[in-house]
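Next up, structure_6.cif (mmCIF, C-alpha atoms):
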```
data_work
loop_
_atom_site.label_atom_id
_atom_site.label_comp_id
_atom_site.auth_asym_id
_atom_site.auth_seq_id
_atom_site.Cartn_x
_atom_site.Cartn_y
_atom_site.Cartn_z
CA MET A 1 13.78 -9.26 46.46
CA ASP A 2 16.58 -6.73 46.86
CA LYS A 3 18.28 -8.55 49.69
CA PRO A 4 18.95 -12.31 49.71
CA THR A 5 17.57 -14.46 52.51
CA ILE A 6 20.29 -15.95 54.73
CA ILE A 7 19.83 -19.50 56.00
CA ALA A 8 22.07 -21.51 58.31
CA VAL A 9 22.98 -25.03 57.22
CA HIS A 10 24.88 -27.95 58.70
CA VAL A 11 26.63 -29.98 56.01
CA THR A 12 27.60 -33.64 56.05
CA PRO A 13 29.99 -34.28 53.13
CA ARG A 14 30.79 -37.71 51.66
CA SER A 15 27.31 -38.95 52.41
CA GLY A 16 25.43 -41.67 50.56
CA ARG A 17 23.25 -39.19 48.65
CA ASP A 18 22.50 -35.50 48.15
CA GLU A 19 19.49 -34.50 50.23
CA VAL A 20 18.01 -32.00 52.65
CA MET A 21 17.42 -33.98 55.85
CA GLY A 22 15.42 -31.48 57.88
CA VAL A 23 15.87 -28.75 60.49
CA ARG A 24 17.49 -28.94 63.90
CA ALA A 25 18.53 -26.52 66.61
CA ASP A 26 22.25 -25.73 66.75
CA ALA A 27 24.28 -25.31 69.96
CA ALA A 28 22.99 -21.75 70.41
CA GLY A 29 19.36 -22.82 69.89
CA ALA A 30 19.02 -21.30 66.41
CA CYS A 31 17.53 -23.41 63.62
CA GLU A 32 19.76 -24.79 60.89
CA VAL A 33 18.95 -26.89 57.85
CA CYS A 34 20.79 -30.24 57.71
CA VAL A 35 22.09 -31.10 54.25
CA ARG A 36 23.94 -34.26 53.16
CA VAL A 37 26.03 -34.32 49.98
CA THR A 38 28.08 -37.01 48.28
CA ALA A 39 30.87 -34.60 47.31
CA PRO A 40 34.05 -34.45 49.40
CA PRO A 41 35.07 -31.23 51.15
CA ASP A 42 37.83 -30.70 48.61
CA GLY A 43 38.32 -27.59 46.49
CA GLY A 44 34.80 -26.30 47.07
CA LYS A 45 33.11 -29.42 45.67
CA ALA A 46 30.91 -29.87 48.75
CA ASN A 47 29.93 -26.19 48.72
CA LYS A 48 28.78 -26.45 45.09
CA ALA A 49 26.84 -29.61 45.90
CA VAL A 50 25.17 -27.93 48.90
CA CYS A 51 24.09 -24.96 46.79
CA LYS A 52 22.75 -27.26 44.06
CA THR A 53 20.88 -29.48 46.56
CA VAL A 54 19.28 -26.56 48.42
CA ALA A 55 18.36 -24.83 45.15
CA ALA A 56 16.67 -28.00 43.88
CA ALA A 57 14.77 -28.42 47.16
CA LEU A 58 13.57 -24.80 47.00
CA GLY A 59 12.77 -24.93 43.29
CA VAL A 60 15.09 -22.03 42.39
CA PRO A 61 18.00 -21.90 39.91
CA LYS A 62 21.28 -23.20 41.35
CA GLY A 63 22.83 -19.77 40.76
CA ALA A 64 20.33 -18.30 43.24
CA VAL A 65 22.07 -20.01 46.18
CA SER A 66 25.60 -19.16 47.32
CA VAL A 67 27.79 -19.74 50.37
CA VAL A 68 28.41 -16.46 52.23
CA GLY A 69 29.94 -17.82 55.43
CA GLY A 70 31.76 -20.93 56.61
CA GLN A 71 33.31 -21.92 53.28
CA THR A 72 35.57 -24.49 54.99
CA ALA A 73 33.30 -25.39 57.93
CA ARG A 74 30.38 -27.77 58.34
CA HIS A 75 28.24 -24.91 59.65
CA LYS A 76 27.59 -22.55 56.73
CA ARG A 77 25.48 -19.54 55.89
CA LEU A 78 23.81 -19.54 52.49
CA ALA A 79 22.39 -16.54 50.67
CA VAL A 80 19.23 -17.46 48.76
CA ARG A 81 17.91 -15.05 46.14
CA ALA A 82 14.26 -16.01 46.46
CA ASP A 83 11.18 -14.63 48.16
CA GLU A 84 11.74 -14.62 51.94
CA VAL A 85 8.21 -15.94 52.56
CA ARG A 86 8.89 -18.87 50.23
CA VAL A 87 12.16 -19.72 51.99
CA SER A 88 10.57 -19.42 55.45
CA ALA A 89 7.64 -21.63 54.43
CA TRP A 90 10.07 -24.22 53.01
CA GLN A 91 12.07 -24.27 56.25
CA ALA A 92 8.88 -24.55 58.33
CA ALA A 93 7.73 -27.53 56.25
CA LEU A 94 10.98 -29.48 56.75
CA PRO A 95 10.93 -32.29 59.33
CA ARG A 96 12.46 -31.58 62.76
CA ILE A 97 15.42 -33.80 63.56
#
```
Can the structure in the file be given as structure tokens, please?
Amino acid sequence: MDKPTIIAVHVTPRSGRDEVMGVRADAAGACEVCVRVTAPPDGGKANKAVCKTVAAALGVPKGAVSVVGGQTARHKRLAVRADEVRVSAWQAALPRI
């Protein structure tokens, strides 16, 4: 586990609840995980909520997930310090939306 696994996410802030919705194809056809959080996109609050929500869904510590791209955008890249097979299996098990 030398290198973190990078996953693409699409974030919806100010949602009704914190949850991982599923996986969808983005405009380029690549898969991205859709995450809804209640936090507003203000001062990094939504980014923290996204990391916490994804970490909980993966069953890893919240410190194992960090935003490495798209800090102020809805489309983000997260670095996950967990086994790549585990992360891939988790993404494959998510519903397609």
Excluding range 44-46 of chain A and its own-chain neighbours fewer than 3 positions away, which residues fall within 12 Å of it when counting all atoms listed in the file? Please give them as number ranges by chain. A: 10-15, 18, 35-41, 49-53, 66-67, 70-74, 76
Do you know which residues the PyMOL selection byres ((chain A and resi 84) around 10) returns on this file, as a PDB file with C-alpha atoms, in the frame of the given file?
```pdb
ATOM      1  CA  MET A   1      13.780  -9.260  46.460  1.00  0.00           C
ATOM      2  CA  LYS A   3      18.280  -8.550  49.690  1.00  0.00           C
ATOM      3  CA  PRO A   4      18.950 -12.310  49.710  1.00  0.00           C
ATOM      4  CA  THR A   5      17.570 -14.460  52.510  1.00  0.00           C
ATOM      5  CA  ILE A   6      20.290 -15.950  54.730  1.00  0.00           C
ATOM      6  CA  VAL A  80      19.230 -17.460  48.760  1.00  0.00           C
ATOM      7  CA  ARG A  81      17.910 -15.050  46.140  1.00  0.00           C
ATOM      8  CA  ALA A  82      14.260 -16.010  46.460  1.00  0.00           C
ATOM      9  CA  ASP A  83      11.180 -14.630  48.160  1.00  0.00           C
ATOM     10  CA  VAL A  85       8.210 -15.940  52.560  1.00  0.00           C
ATOM     11  CA  ARG A  86       8.890 -18.870  50.230  1.00  0.00           C
ATOM     12  CA  VAL A  87      12.160 -19.720  51.990  1.00  0.00           C
ATOM     13  CA  SER A  88      10.570 -19.420  55.450  1.00  0.00           C
ATOM     14  CA  ALA A  89       7.640 -21.630  54.430  1.00  0.00           C
ATOM     15  CA  TRP A  90      10.070 -24.220  53.010  1.00  0.00           C
TER      16      TRP A  90
END
```
Between CA of Ile97 in chain A and CA of Gly22 in chain A, measure the distance and give it in Å to one decimal. 6.1 Å
Residue among A:Ala93, A:Ala64, A:Val33, A:Met21 lying closest to Ala8 in chain A, counting only C-alpha atoms: A:Val33
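A straight line drawn from CA of Asp42 in chain A to CA of Arg96 in chain A is 29.1 Å long.
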Length of the CA of Val23 in chain A to CA of Ala79 in chain A vector [Å]: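 Going from CA of Val23 in chain A over to CA of Ala79 in chain A, I get 17.0 Å.
When all atoms listed in the file are used to compute distances to Ala56 in chain A, the closest of the residues A:Val20, A:Ile7, A:Ala30, A:Ala25 turns out to be A:Val20.
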Starting from the shown file, work through the PyMOL selection byres ((chain A and resi 68) around 6) and note down what comes out as a list in words. Val67, Gly69, Arg77 and Leu78 of chain A
Using only C-alpha atoms, pick whichever of A:His75, A:Gly43, A:Leu58, A:Gly63 has the shortest atom-to-atom distance to Asp26 in chain A.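 Nearest to Asp26 in chain A: A:His75.
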Set up a box along x, y and z of the file covering all listed atoms of range 55-58 of chain A, add 8 Å on every one of the six sides, and write the centre and edge lengths in Å to one decimal, as JSON.
```
{"center_x": 16.0, "center_y": -26.6, "center_z": 45.5, "size_x": 20.8, "size_y": 19.6, "size_z": 19.3}
```
All heavy atoms are needed for range 38-49 of chain A; please write them out as an mmCIF file, keeping the file's coordinate frame.
```cif
data_model
loop_
_atom_site.group_PDB
_atom_site.id
_atom_site.type_symbol
_atom_site.label_atom_id
_atom_site.label_comp_id
_atom_site.auth_asym_id
_atom_site.auth_seq_id
_atom_site.Cartn_x
_atom_site.Cartn_y
_atom_site.Cartn_z
ATOM 1 N N THR A 38 27.123 -35.946 48.581
ATOM 2 C CA THR A 38 28.080 -37.010 48.280
ATOM 3 C C THR A 38 29.479 -36.464 48.021
ATOM 4 O O THR A 38 30.455 -37.191 48.152
ATOM 5 C CB THR A 38 27.628 -37.829 47.053
ATOM 6 O OG1 THR A 38 27.455 -36.935 45.949
ATOM 7 C CG2 THR A 38 26.339 -38.566 47.325
ATOM 8 N N ALA A 39 29.587 -35.202 47.670
ATOM 9 C CA ALA A 39 30.870 -34.600 47.310
ATOM 10 C C ALA A 39 31.792 -34.489 48.526
ATOM 11 O O ALA A 39 31.335 -34.264 49.642
ATOM 12 C CB ALA A 39 30.650 -33.217 46.718
ATOM 13 N N PRO A 40 33.095 -34.626 48.302
ATOM 14 C CA PRO A 40 34.050 -34.450 49.400
ATOM 15 C C PRO A 40 34.310 -32.964 49.654
ATOM 16 O O PRO A 40 34.125 -32.144 48.753
ATOM 17 C CB PRO A 40 35.322 -35.126 48.866
ATOM 18 C CG PRO A 40 35.223 -34.949 47.391
ATOM 19 C CD PRO A 40 33.757 -35.044 47.061
ATOM 20 N N PRO A 41 34.761 -32.641 50.853
ATOM 21 C CA PRO A 41 35.070 -31.230 51.150
ATOM 22 C C PRO A 41 36.447 -30.868 50.581
ATOM 23 O O PRO A 41 37.391 -30.616 51.314
ATOM 24 C CB PRO A 41 35.044 -31.188 52.673
ATOM 25 C CG PRO A 41 35.457 -32.557 53.082
ATOM 26 C CD PRO A 41 34.897 -33.482 52.025
ATOM 27 N N ASP A 42 36.549 -30.883 49.274
ATOM 28 C CA ASP A 42 37.830 -30.700 48.610
ATOM 29 C C ASP A 42 37.670 -29.694 47.477
ATOM 30 O O ASP A 42 36.906 -29.937 46.545
ATOM 31 C CB ASP A 42 38.309 -32.060 48.070
ATOM 32 C CG ASP A 42 39.601 -31.962 47.300
ATOM 33 O OD1 ASP A 42 40.500 -31.240 47.751
ATOM 34 O OD2 ASP A 42 39.705 -32.615 46.239
ATOM 35 N N GLY A 43 38.345 -28.572 47.566
ATOM 36 C CA GLY A 43 38.320 -27.590 46.490
ATOM 37 C C GLY A 43 36.955 -26.978 46.228
ATOM 38 O O GLY A 43 36.660 -26.604 45.097
ATOM 39 N N GLY A 44 36.115 -26.908 47.242
ATOM 40 C CA GLY A 44 34.800 -26.300 47.070
ATOM 41 C C GLY A 44 33.746 -27.216 46.465
ATOM 42 O O GLY A 44 32.634 -26.775 46.176
ATOM 43 N N LYS A 45 34.067 -28.488 46.278
ATOM 44 C CA LYS A 45 33.110 -29.420 45.670
ATOM 45 C C LYS A 45 31.869 -29.589 46.539
ATOM 46 O O LYS A 45 30.745 -29.611 46.037
ATOM 47 C CB LYS A 45 33.763 -30.780 45.428
ATOM 48 C CG LYS A 45 34.822 -30.759 44.359
ATOM 49 C CD LYS A 45 35.494 -32.110 44.234
ATOM 50 C CE LYS A 45 36.646 -32.034 43.255
ATOM 51 N NZ LYS A 45 37.453 -33.252 43.255
ATOM 52 N N ALA A 46 32.058 -29.712 47.857
ATOM 53 C CA ALA A 46 30.910 -29.870 48.750
ATOM 54 C C ALA A 46 30.058 -28.601 48.772
ATOM 55 O O ALA A 46 28.833 -28.682 48.805
ATOM 56 C CB ALA A 46 31.374 -30.228 50.163
ATOM 57 N N ASN A 47 30.690 -27.443 48.733
ATOM 58 C CA ASN A 47 29.930 -26.190 48.720
ATOM 59 C C ASN A 47 29.041 -26.098 47.490
ATOM 60 O O ASN A 47 27.873 -25.714 47.578
ATOM 61 C CB ASN A 47 30.873 -24.978 48.765
ATOM 62 C CG ASN A 47 31.511 -24.792 50.120
ATOM 63 O OD1 ASN A 47 31.076 -25.377 51.104
ATOM 64 N ND2 ASN A 47 32.555 -23.987 50.174
ATOM 65 N N LYS A 48 29.586 -26.465 46.321
ATOM 66 C CA LYS A 48 28.780 -26.450 45.090
ATOM 67 C C LYS A 48 27.619 -27.425 45.198
ATOM 68 O O LYS A 48 26.494 -27.128 44.773
ATOM 69 C CB LYS A 48 29.657 -26.808 43.882
ATOM 70 C CG LYS A 48 30.569 -25.706 43.444
ATOM 71 C CD LYS A 48 31.352 -26.112 42.216
ATOM 72 C CE LYS A 48 32.318 -25.016 41.822
ATOM 73 N NZ LYS A 48 33.135 -25.378 40.663
ATOM 74 N N ALA A 49 27.889 -28.605 45.758
ATOM 75 C CA ALA A 49 26.840 -29.610 45.900
ATOM 76 C C ALA A 49 25.750 -29.140 46.867
ATOM 77 O O ALA A 49 24.564 -29.383 46.635
ATOM 78 C CB ALA A 49 27.436 -30.929 46.382
#
```
